[in-house]
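Below: coords-v6.pdb (PDB, C-alpha atoms and all ligand atoms)
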ATOM      1  CA  MET A   1       0.000   0.000   0.000  1.00  0.00           C
ATOM      2  CA  PHE A   2       2.658   2.522   1.051  1.00  0.00           C
ATOM      3  CA  GLU A   3       4.804   2.296  -2.040  1.00  0.00           C
ATOM      4  CA  SER A   4       4.691   5.916  -3.033  1.00  0.00           C
ATOM      5  CA  ARG A   5       7.505   7.086  -0.765  1.00  0.00           C
ATOM      6  CA  PRO A   6      10.243   9.030  -2.541  1.00  0.00           C
ATOM      7  CA  ASP A   7      13.676   7.679  -1.718  1.00  0.00           C
ATOM      8  CA  ARG A   8      15.005  10.416   0.589  1.00  0.00           C
ATOM      9  CA  SER A   9      17.501  10.195   3.423  1.00  0.00           C
ATOM     10  CA  ALA A  10      15.797  12.761   5.679  1.00  0.00           C
ATOM     11  CA  GLU A  11      12.117  12.779   6.602  1.00  0.00           C
ATOM     12  CA  VAL A  12       9.657  14.367   9.006  1.00  0.00           C
ATOM     13  CA  VAL A  13       6.363  12.502   9.490  1.00  0.00           C
ATOM     14  CA  LEU A  14       2.958  13.574  10.756  1.00  0.00           C
ATOM     15  CA  VAL A  15       1.002  10.889  12.594  1.00  0.00           C
ATOM     16  CA  GLY A  16      -2.285  11.021  14.450  1.00  0.00           C
ATOM     17  CA  ARG A  17      -5.920  10.082  14.501  1.00  0.00           C
ATOM     18  CA  SER A  18      -8.299  11.075  11.736  1.00  0.00           C
ATOM     19  CA  ASN A  19      -9.670  14.581  11.861  1.00  0.00           C
ATOM     20  CA  VAL A  20      -7.093  16.062  14.256  1.00  0.00           C
ATOM     21  CA  GLY A  21      -5.818  18.455  11.595  1.00  0.00           C
ATOM     22  CA  LYS A  22      -2.844  16.662  10.011  1.00  0.00           C
ATOM     23  CA  SER A  23      -3.661  17.794   6.483  1.00  0.00           C
ATOM     24  CA  THR A  24      -4.319  21.334   7.676  1.00  0.00           C
ATOM     25  CA  LEU A  25      -0.937  21.386   9.407  1.00  0.00           C
ATOM     26  CA  MET A  26       0.701  19.902   6.321  1.00  0.00           C
ATOM     27  CA  ARG A  27      -0.707  22.796   4.316  1.00  0.00           C
ATOM     28  CA  GLU A  28       0.668  25.314   6.818  1.00  0.00           C
ATOM     29  CA  LEU A  29       4.097  23.710   6.754  1.00  0.00           C
ATOM     30  CA  THR A  30       4.412  23.336   3.002  1.00  0.00           C
ATOM     31  CA  GLY A  31       2.158  26.001   1.542  1.00  0.00           C
ATOM     32  CA  HIS A  32       0.623  23.267  -0.556  1.00  0.00           C
ATOM     33  CA  THR A  33      -3.034  22.307  -0.210  1.00  0.00           C
ATOM     34  CA  PHE A  34      -3.839  18.723   0.642  1.00  0.00           C
ATOM     35  CA  ASP A  35      -7.311  17.298   1.113  1.00  0.00           C
ATOM     36  CA  THR A  36      -8.622  18.525   4.442  1.00  0.00           C
ATOM     37  CA  GLY A  37     -11.832  17.752   6.257  1.00  0.00           C
ATOM     38  CA  GLN A  38     -12.261  14.615   4.209  1.00  0.00           C
ATOM     39  CA  ARG A  39     -14.455  11.848   5.412  1.00  0.00           C
ATOM     40  CA  PRO A  40     -12.249  10.053   7.966  1.00  0.00           C
ATOM     41  CA  GLY A  41     -10.582   6.984   6.605  1.00  0.00           C
ATOM     42  CA  VAL A  42     -10.798   8.063   2.998  1.00  0.00           C
ATOM     43  CA  THR A  43      -7.127   8.926   2.858  1.00  0.00           C
ATOM     44  CA  ARG A  44      -5.315   5.637   3.092  1.00  0.00           C
ATOM     45  CA  GLN A  45      -2.225   6.729   1.214  1.00  0.00           C
ATOM     46  CA  PRO A  46       0.424   8.941   2.751  1.00  0.00           C
ATOM     47  CA  ASN A  47       0.835  12.420   1.292  1.00  0.00           C
ATOM     48  CA  HIS A  48       4.465  13.156   0.559  1.00  0.00           C
ATOM     49  CA  TYR A  49       5.796  16.646   0.105  1.00  0.00           C
ATOM     50  CA  ASP A  50       9.130  16.133  -1.504  1.00  0.00           C
ATOM     51  CA  TRP A  51      12.182  18.349  -1.891  1.00  0.00           C
ATOM     52  CA  THR A  52      14.383  16.353  -4.245  1.00  0.00           C
ATOM     53  CA  SER A  53      17.257  18.849  -4.214  1.00  0.00           C
ATOM     54  CA  GLU A  54      17.365  18.799  -0.404  1.00  0.00           C
ATOM     55  CA  ASP A  55      16.969  15.041  -0.159  1.00  0.00           C
ATOM     56  CA  PHE A  56      14.118  15.736   2.259  1.00  0.00           C
ATOM     57  CA  VAL A  57      10.466  14.726   2.462  1.00  0.00           C
ATOM     58  CA  ILE A  58       7.580  15.596   4.791  1.00  0.00           C
ATOM     59  CA  THR A  59       4.985  12.836   5.025  1.00  0.00           C
ATOM     60  CA  ASP A  60       1.390  13.005   6.232  1.00  0.00           C
ATOM     61  CA  LEU A  61       0.495   9.447   7.213  1.00  0.00           C
ATOM     62  CA  PRO A  62      -3.102   8.183   7.113  1.00  0.00           C
ATOM     63  CA  GLY A  63      -5.166   8.637  10.286  1.00  0.00           C
ATOM     64  CA  PHE A  64      -5.336   5.815  12.792  1.00  0.00           C
ATOM     65  CA  GLY A  65      -7.837   4.932  15.504  1.00  0.00           C
ATOM     66  CA  PHE A  66     -11.583   5.010  15.336  1.00  0.00           C
ATOM     67  CA  MET A  67     -13.090   6.085  12.033  1.00  0.00           C
ATOM     68  CA  SER A  68     -16.819   5.925  11.550  1.00  0.00           C
ATOM     69  CA  GLY A  69     -17.834   3.908   8.547  1.00  0.00           C
ATOM     70  CA  VAL A  70     -14.507   2.111   8.334  1.00  0.00           C
ATOM     71  CA  PRO A  71     -14.623  -1.599   9.216  1.00  0.00           C
ATOM     72  CA  ASP A  72     -12.412  -2.854  12.075  1.00  0.00           C
ATOM     73  CA  ASP A  73     -10.233  -5.023   9.861  1.00  0.00           C
ATOM     74  CA  VAL A  74      -9.471  -2.125   7.504  1.00  0.00           C
ATOM     75  CA  ARG A  75      -8.641   0.062  10.483  1.00  0.00           C
ATOM     76  CA  GLU A  76      -6.269  -2.587  11.843  1.00  0.00           C
ATOM     77  CA  GLU A  77      -4.671  -2.920   8.428  1.00  0.00           C
ATOM     78  CA  ILE A  78      -4.014   0.817   8.248  1.00  0.00           C
ATOM     79  CA  LYS A  79      -2.487   0.793  11.718  1.00  0.00           C
ATOM     80  CA  THR A  80      -0.260  -2.143  10.797  1.00  0.00           C
ATOM     81  CA  GLU A  81       0.893  -0.318   7.669  1.00  0.00           C
ATOM     82  CA  ILE A  82       1.711   2.812   9.671  1.00  0.00           C
ATOM     83  CA  VAL A  83       3.705   0.796  12.196  1.00  0.00           C
ATOM     84  CA  ARG A  84       5.592  -0.953   9.402  1.00  0.00           C
ATOM     85  CA  TYR A  85       6.299   2.358   7.674  1.00  0.00           C
ATOM     86  CA  LEU A  86       7.751   3.858  10.855  1.00  0.00           C
ATOM     87  CA  GLU A  87       9.853   0.770  11.549  1.00  0.00           C
ATOM     88  CA  THR A  88      11.160   0.619   7.998  1.00  0.00           C
ATOM     89  CA  HIS A  89      12.128   4.289   7.841  1.00  0.00           C
ATOM     90  CA  ALA A  90      13.111   4.919  11.470  1.00  0.00           C
ATOM     91  CA  GLU A  91      16.672   5.741  10.389  1.00  0.00           C
ATOM     92  CA  GLU A  92      15.596   8.478   7.994  1.00  0.00           C
ATOM     93  CA  ILE A  93      12.852   9.956  10.168  1.00  0.00           C
ATOM     94  CA  LEU A  94      14.446  12.868  12.023  1.00  0.00           C
ATOM     95  CA  THR A  95      11.281  13.907  13.834  1.00  0.00           C
ATOM     96  CA  ALA A  96       7.749  12.579  14.176  1.00  0.00           C
ATOM     97  CA  ILE A  97       4.986  15.096  14.765  1.00  0.00           C
ATOM     98  CA  LEU A  98       2.213  13.357  16.702  1.00  0.00           C
ATOM     99  CA  VAL A  99      -0.868  15.488  16.095  1.00  0.00           C
ATOM    100  CA  VAL A 100      -3.692  15.410  18.659  1.00  0.00           C
ATOM    101  CA  ASP A 101      -6.922  17.349  19.096  1.00  0.00           C
ATOM    102  CA  GLY A 102      -6.348  19.528  22.165  1.00  0.00           C
ATOM    103  CA  LYS A 103     -10.034  19.706  22.952  1.00  0.00           C
ATOM    104  CA  ALA A 104     -10.745  15.971  22.767  1.00  0.00           C
ATOM    105  CA  VAL A 105      -7.498  14.139  23.473  1.00  0.00           C
ATOM    106  CA  ILE A 106      -7.796  13.756  27.257  1.00  0.00           C
ATOM    107  CA  ASP A 107     -11.335  12.362  27.063  1.00  0.00           C
ATOM    108  CA  ILE A 108     -10.324   9.973  24.287  1.00  0.00           C
ATOM    109  CA  ILE A 109      -7.277   8.752  26.197  1.00  0.00           C
ATOM    110  CA  ASP A 110      -9.213   8.282  29.434  1.00  0.00           C
ATOM    111  CA  ARG A 111     -12.079   6.512  27.710  1.00  0.00           C
ATOM    112  CA  HIS A 112      -9.682   3.976  26.240  1.00  0.00           C
ATOM    113  CA  SER A 113      -7.456   3.419  29.254  1.00  0.00           C
ATOM    114  CA  GLY A 114      -7.939   0.111  31.002  1.00  0.00           C
ATOM    115  CA  PRO A 115      -6.226  -3.047  32.228  1.00  0.00           C
ATOM    116  CA  ASP A 116      -5.799  -4.363  28.694  1.00  0.00           C
ATOM    117  CA  GLU A 117      -6.245  -1.261  26.635  1.00  0.00           C
ATOM    118  CA  ILE A 118      -3.648   1.351  25.792  1.00  0.00           C
ATOM    119  CA  PRO A 119      -5.014   4.430  24.025  1.00  0.00           C
ATOM    120  CA  HIS A 120      -3.725   4.771  20.448  1.00  0.00           C
ATOM    121  CA  ASP A 121      -2.134   8.169  21.016  1.00  0.00           C
ATOM    122  CA  VAL A 122      -0.255   7.045  24.105  1.00  0.00           C
ATOM    123  CA  GLU A 123       0.769   3.814  22.408  1.00  0.00           C
ATOM    124  CA  MET A 124       2.060   5.718  19.387  1.00  0.00           C
ATOM    125  CA  PHE A 125       4.016   8.139  21.581  1.00  0.00           C
ATOM    126  CA  HIS A 126       5.792   5.249  23.306  1.00  0.00           C
ATOM    127  CA  PHE A 127       6.260   3.307  20.096  1.00  0.00           C
ATOM    128  CA  LEU A 128       8.061   6.252  18.475  1.00  0.00           C
ATOM    129  CA  GLN A 129      10.264   6.565  21.534  1.00  0.00           C
ATOM    130  CA  GLU A 130      11.079   2.858  21.322  1.00  0.00           C
ATOM    131  CA  LEU A 131      12.160   3.390  17.735  1.00  0.00           C
ATOM    132  CA  GLU A 132      14.298   6.296  19.001  1.00  0.00           C
ATOM    133  CA  ILE A 133      12.469   8.719  16.749  1.00  0.00           C
ATOM    134  CA  PRO A 134      12.257  12.139  18.456  1.00  0.00           C
ATOM    135  CA  VAL A 135       8.595  13.089  18.912  1.00  0.00           C
ATOM    136  CA  VAL A 136       6.944  16.479  19.079  1.00  0.00           C
ATOM    137  CA  VAL A 137       3.281  16.370  20.106  1.00  0.00           C
ATOM    138  CA  ALA A 138       1.364  19.026  18.164  1.00  0.00           C
ATOM    139  CA  VAL A 139      -1.626  19.795  20.360  1.00  0.00           C
ATOM    140  CA  ASN A 140      -3.923  21.258  17.744  1.00  0.00           C
ATOM    141  CA  LYS A 141      -7.236  23.150  17.828  1.00  0.00           C
ATOM    142  CA  MET A 142      -6.170  25.170  20.862  1.00  0.00           C
ATOM    143  CA  ASP A 143      -8.653  27.827  19.667  1.00  0.00           C
ATOM    144  CA  LYS A 144     -11.318  25.556  21.153  1.00  0.00           C
ATOM    145  CA  VAL A 145      -9.609  25.212  24.543  1.00  0.00           C
ATOM    146  CA  ASP A 146     -10.080  27.676  27.441  1.00  0.00           C
ATOM    147  CA  ASP A 147      -8.089  25.957  30.170  1.00  0.00           C
ATOM    148  CA  GLU A 148      -4.870  25.642  28.188  1.00  0.00           C
ATOM    149  CA  ASP A 149      -2.439  24.991  31.055  1.00  0.00           C
ATOM    150  CA  GLU A 150      -4.656  22.388  32.708  1.00  0.00           C
ATOM    151  CA  ARG A 151      -5.210  20.546  29.437  1.00  0.00           C
ATOM    152  CA  LEU A 152      -1.545  20.479  28.589  1.00  0.00           C
ATOM    153  CA  ASP A 153      -0.549  19.394  32.109  1.00  0.00           C
ATOM    154  CA  ALA A 154      -3.119  16.584  31.910  1.00  0.00           C
ATOM    155  CA  LEU A 155      -1.742  15.512  28.553  1.00  0.00           C
ATOM    156  CA  CYS A 156       1.800  15.389  29.965  1.00  0.00           C
ATOM    157  CA  ASP A 157       0.506  13.250  32.799  1.00  0.00           C
ATOM    158  CA  ARG A 158      -1.126  10.769  30.388  1.00  0.00           C
ATOM    159  CA  LEU A 159       2.034  10.568  28.281  1.00  0.00           C
ATOM    160  CA  GLY A 160       4.228   9.909  31.299  1.00  0.00           C
ATOM    161  CA  LEU A 161       5.895  13.328  31.204  1.00  0.00           C
ATOM    162  CA  TYR A 162       6.126  14.992  34.575  1.00  0.00           C
ATOM    163  CA  PRO A 163       4.011  18.209  34.609  1.00  0.00           C
ATOM    164  CA  PRO A 164       4.084  21.206  34.312  1.00  0.00           C
ATOM    165  CA  TRP A 165       3.989  21.117  30.514  1.00  0.00           C
ATOM    166  CA  LYS A 166       6.087  24.285  30.283  1.00  0.00           C
ATOM    167  CA  GLN A 167       9.195  22.288  30.995  1.00  0.00           C
ATOM    168  CA  TRP A 168       8.481  20.121  27.934  1.00  0.00           C
ATOM    169  CA  GLN A 169       8.297  22.797  25.263  1.00  0.00           C
ATOM    170  CA  ASP A 170      10.547  20.747  22.998  1.00  0.00           C
ATOM    171  CA  THR A 171       7.948  17.971  23.128  1.00  0.00           C
ATOM    172  CA  ILE A 172       4.551  19.577  23.723  1.00  0.00           C
ATOM    173  CA  ALA A 173       3.553  22.235  21.186  1.00  0.00           C
ATOM    174  CA  PRO A 174       0.115  23.886  21.446  1.00  0.00           C
ATOM    175  CA  ILE A 175      -1.024  25.139  18.028  1.00  0.00           C
ATOM    176  CA  THR A 176      -4.027  26.283  16.001  1.00  0.00           C
ATOM    177  CA  ALA A 177      -3.173  24.993  12.541  1.00  0.00           C
ATOM    178  CA  LYS A 178      -6.338  26.339  10.968  1.00  0.00           C
ATOM    179  CA  ARG A 179      -5.253  29.903  11.741  1.00  0.00           C
ATOM    180  CA  GLY A 180      -1.640  29.302  10.875  1.00  0.00           C
ATOM    181  CA  SER A 181      -0.624  29.654  14.487  1.00  0.00           C
ATOM    182  CA  ILE A 182       2.079  26.978  14.626  1.00  0.00           C
ATOM    183  CA  ASP A 183       5.165  28.722  16.021  1.00  0.00           C
ATOM    184  CA  ALA A 184       5.378  26.488  19.092  1.00  0.00           C
ATOM    185  CA  LEU A 185       5.649  23.513  16.757  1.00  0.00           C
ATOM    186  CA  THR A 186       8.131  24.950  14.286  1.00  0.00           C
ATOM    187  CA  ASP A 187      10.309  26.062  17.225  1.00  0.00           C
ATOM    188  CA  ALA A 188      10.222  22.589  18.783  1.00  0.00           C
ATOM    189  CA  VAL A 189      10.980  20.826  15.500  1.00  0.00           C
ATOM    190  CA  GLY A 190      13.710  23.366  14.778  1.00  0.00           C
ATOM    191  CA  ASP A 191      15.401  22.741  18.143  1.00  0.00           C
ATOM    192  CA  ASN A 192      15.171  19.077  17.446  1.00  0.00           C
ATOM    193  CA  LEU A 193      16.785  19.321  14.025  1.00  0.00           C
ATOM    194  CA  HIS A 194      19.470  21.586  15.443  1.00  0.00           C
ATOM    195  CA  ASP A 195      20.273  18.964  18.092  1.00  0.00           C
ATOM    196  CA  GLN A 196      20.688  16.465  15.265  1.00  0.00           C
ATOM    197  CA  GLN A 197      23.088  18.788  13.430  1.00  0.00           C
ATOM    198  CA  ARG A 198      20.532  19.344  10.680  1.00  0.00           C
ATOM    199  CA  ASP A 199      20.495  23.139  10.595  1.00  0.00           C
ATOM    200  CA  ASP A 200      20.332  22.795   6.804  1.00  0.00           C
ATOM    201  CA  LEU A 201      16.666  21.813   7.215  1.00  0.00           C
ATOM    202  CA  LEU A 202      15.692  24.672   9.543  1.00  0.00           C
ATOM    203  CA  LYS A 203      14.439  26.738   6.625  1.00  0.00           C
ATOM    204  CA  PHE A 204      11.489  24.368   6.317  1.00  0.00           C
ATOM    205  CA  PHE A 205      10.300  25.044   9.894  1.00  0.00           C
TER     206      PHE A 205
HETATM  207  N1  LIG B   1     -11.096  24.652  15.372  1.00  0.00           N
HETATM  208  C1  LIG B   1     -10.088  24.162  14.644  1.00  0.00           C
HETATM  209  N2  LIG B   1     -10.327  23.288  13.646  1.00  0.00           N
HETATM  210  C2  LIG B   1      -9.271  22.806  12.950  1.00  0.00           C
HETATM  211  C3  LIG B   1      -7.942  23.195  13.217  1.00  0.00           C
HETATM  212  N3  LIG B   1      -7.128  22.545  12.372  1.00  0.00           N
HETATM  213  C4  LIG B   1      -7.917  21.780  11.582  1.00  0.00           C
HETATM  214  N4  LIG B   1      -9.221  21.943  11.915  1.00  0.00           N
HETATM  215  C5  LIG B   1     -10.401  21.316  11.276  1.00  0.00           C
HETATM  216  O1  LIG B   1     -10.446  19.938  11.610  1.00  0.00           O
HETATM  217  C6  LIG B   1     -10.990  19.198  10.515  1.00  0.00           C
HETATM  218  C7  LIG B   1     -10.046  18.059  10.128  1.00  0.00           C
HETATM  219  O2  LIG B   1      -8.873  18.623   9.581  1.00  0.00           O
HETATM  220  P1  LIG B   1      -7.889  17.761   8.654  1.00  0.00           P
HETATM  221  O3  LIG B   1      -6.685  18.589   8.421  1.00  0.00           O
HETATM  222  O4  LIG B   1      -8.592  17.227   7.464  1.00  0.00           O
HETATM  223  O5  LIG B   1      -7.558  16.542   9.643  1.00  0.00           O
HETATM  224  P2  LIG B   1      -6.819  15.141   9.327  1.00  0.00           P
HETATM  225  O6  LIG B   1      -7.893  14.130   9.142  1.00  0.00           O
HETATM  226  O7  LIG B   1      -6.031  14.862  10.570  1.00  0.00           O
HETATM  227  O8  LIG B   1      -5.967  15.334   8.129  1.00  0.00           O
HETATM  228  C8  LIG B   1     -11.223  20.187   9.379  1.00  0.00           C
HETATM  229  O9  LIG B   1     -12.571  20.563   9.397  1.00  0.00           O
HETATM  230  C9  LIG B   1     -10.313  21.351   9.753  1.00  0.00           C
HETATM  231  O10 LIG B   1     -10.764  22.596   9.258  1.00  0.00           O
HETATM  232  C10 LIG B   1      -7.714  24.145  14.282  1.00  0.00           C
HETATM  233  O11 LIG B   1      -6.601  24.562  14.601  1.00  0.00           O
HETATM  234  N5  LIG B   1      -8.837  24.573  14.966  1.00  0.00           N
HETATM  235 MG    MG B   2      -5.849  14.256   6.349  1.00  0.00          MG
END
How does this structure look as structure tokens?
Amino acid sequence: MFESRPDRSAEVVLVGRSNVGKSTLMRELTGHTFDTGQRPGVTRQPNHYDWTSEDFVITDLPGFGFMSGVPDDVREEIKTEIVRYLETHAEEILTAILVVDGKAVIDIIDRHSGPDEIPHDVEMFHFLQELEIPVVVAVNKMDKVDDEDERLDALCDRLGLYPPWKQWQDTIAPITAKRGSIDALTDAVGDNLHDQQRDDLLKFF
């Protein structure tokens, strides 16, 4: 399924549930319009934004997790493909941007936490860490959130990061992609790339 990837040695990926704003963020990062607000689950192919001359690609992976109208087995298949993609390209992926919906994420995590259930977002966060891929969590749709600090502290808690969130500004980036308000994210990704001696890629963030 995921055979469209250009062969590049440096990559930044966007991962997250359907409808959290990945395509909107992709548009803000690249200036190129991708399908946004599509019926969840329709996009099963990654979107690649490719800079051949820079040997660099930004990839918007398909949404994972619950999608209405998408059968369980298809959903599982998509998740398996995403996991395989990340494993296969872990070396090239310099940063993963895990996009979550700031308004809904805590409720979703808590609803799916149980003795034998790990919420998808939390699982993905830990999986990326296991692969040693640096993660920045883009907490999107902050325009819909009033209690910003409490939300972000709660999110840190669920991800196993000791609150307050302000000490994790390289990892937790509150944004409103729809309004182009993404500085917290571009700063965090930039710091990350700098730490990896990839200042050549800073111009993209
Ligand atoms: N309120 C609000 N809505 C947003 C924001 N970013 C994206 N959206 C909306 O969320 C919906 C899903 O966005 P999309 O980019 O398609 O999400 P994707 O499925 O993760 O690619 C669309 O209706 C967007 O307009 C944001 O910052 N604030
Ligand atoms: Mg999308």
task: Name the residues that the PyMOL selection byres (((chain A and resi 100) around 10) and not hetatm) picks from the file above, as a VMD selection string, using the file's chain letters and numbers.
output: chain A and resid 15 to 22 97 to 99 101 to 106 121 137 to 141 174
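With only C-alpha atoms as the basis for measurement, A:Val13 is the residue among A:Leu29, A:Val13, A:Ile182, A:Ile175 that approaches Glu92 of chain A most closely.
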task: Take the PyMOL selection byres (((chain A and resi 205) around 7) and not hetatm), apply it to the structure above, and return the hits as a list of chain:residue names.
output: A:Thr186, A:Gly190, A:Leu202, A:Lys203, A:Phe204
field: Å distance separating atom CA of Pro46 of chain A from atom CA of Val189 of chain A, one decimal place
entry: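 Between atom CA of Pro46 of chain A and atom CA of Val189 of chain A the gap is 20.4 Å.
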Pick from A:Thr30, A:Thr52, A:Ser9, A:Thr59, whichever lies nearest to ligand MG 2 (chain B) using all atoms listed in the file: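 For ligand MG 2 (chain B), the nearest of the candidates is A:Thr59.
The shortest atom-to-atom distance to ligand LIG 1 (chain B), with all atoms listed in the file taken into account, belongs to A:Arg179 out of A:His48, A:Arg151, A:Arg5, A:Arg179.
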- request: Kindly resolve the PyMOL selection byres (((chain A and resi 150) around 12) and not hetatm) on the present coordinates and return the residues as a VMD selection string.
  value: chain A and resid 102 to 103 106 145 to 149 151 to 157 163 to 166
- prompt: What is the distance, in Å and to one decimal place, between atom CA of Pro71 of chain A and atom CA of Leu131 of chain A?
  reply: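 Those two atoms sit 28.5 Å apart.
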Using all atoms listed in the file, tabulate the residues of segment 4-80 of chain A lying at most 12 Å from any atom of segment 192-198 of chain A, each with its closest atom pair and that distance in Å to one decimal, by chain and increasing residue number, as JSON lines.
{"residue": "A:Ala10", "atom": "CA", "partner": "A:Arg198", "partner_atom": "CA", "distance": 9.5}
{"residue": "A:Glu11", "atom": "CA", "partner": "A:Leu193", "partner_atom": "CA", "distance": 10.9}
{"residue": "A:Val12", "atom": "CA", "partner": "A:Leu193", "partner_atom": "CA", "distance": 10.0}
{"residue": "A:Glu54", "atom": "CA", "partner": "A:Arg198", "partner_atom": "CA", "distance": 11.5}
{"residue": "A:Phe56", "atom": "CA", "partner": "A:Arg198", "partner_atom": "CA", "distance": 11.2}
message: Between atom CA of Arg111 of chain A and atom CA of Phe125 of chain A, what distance in Å does the model show, to one decimal?
response: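 Atom-to-atom, atom CA of Arg111 of chain A and atom CA of Phe125 of chain A are spaced 17.3 Å apart.
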message: Restricting the calculation to only C-alpha atoms: of A:Leu61, A:Arg158, A:Asp183, A:Tyr85, which residue gets closest to Asp107 of chain A?
response: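 With only C-alpha atoms as the atom set, the closest residue is A:Arg158.
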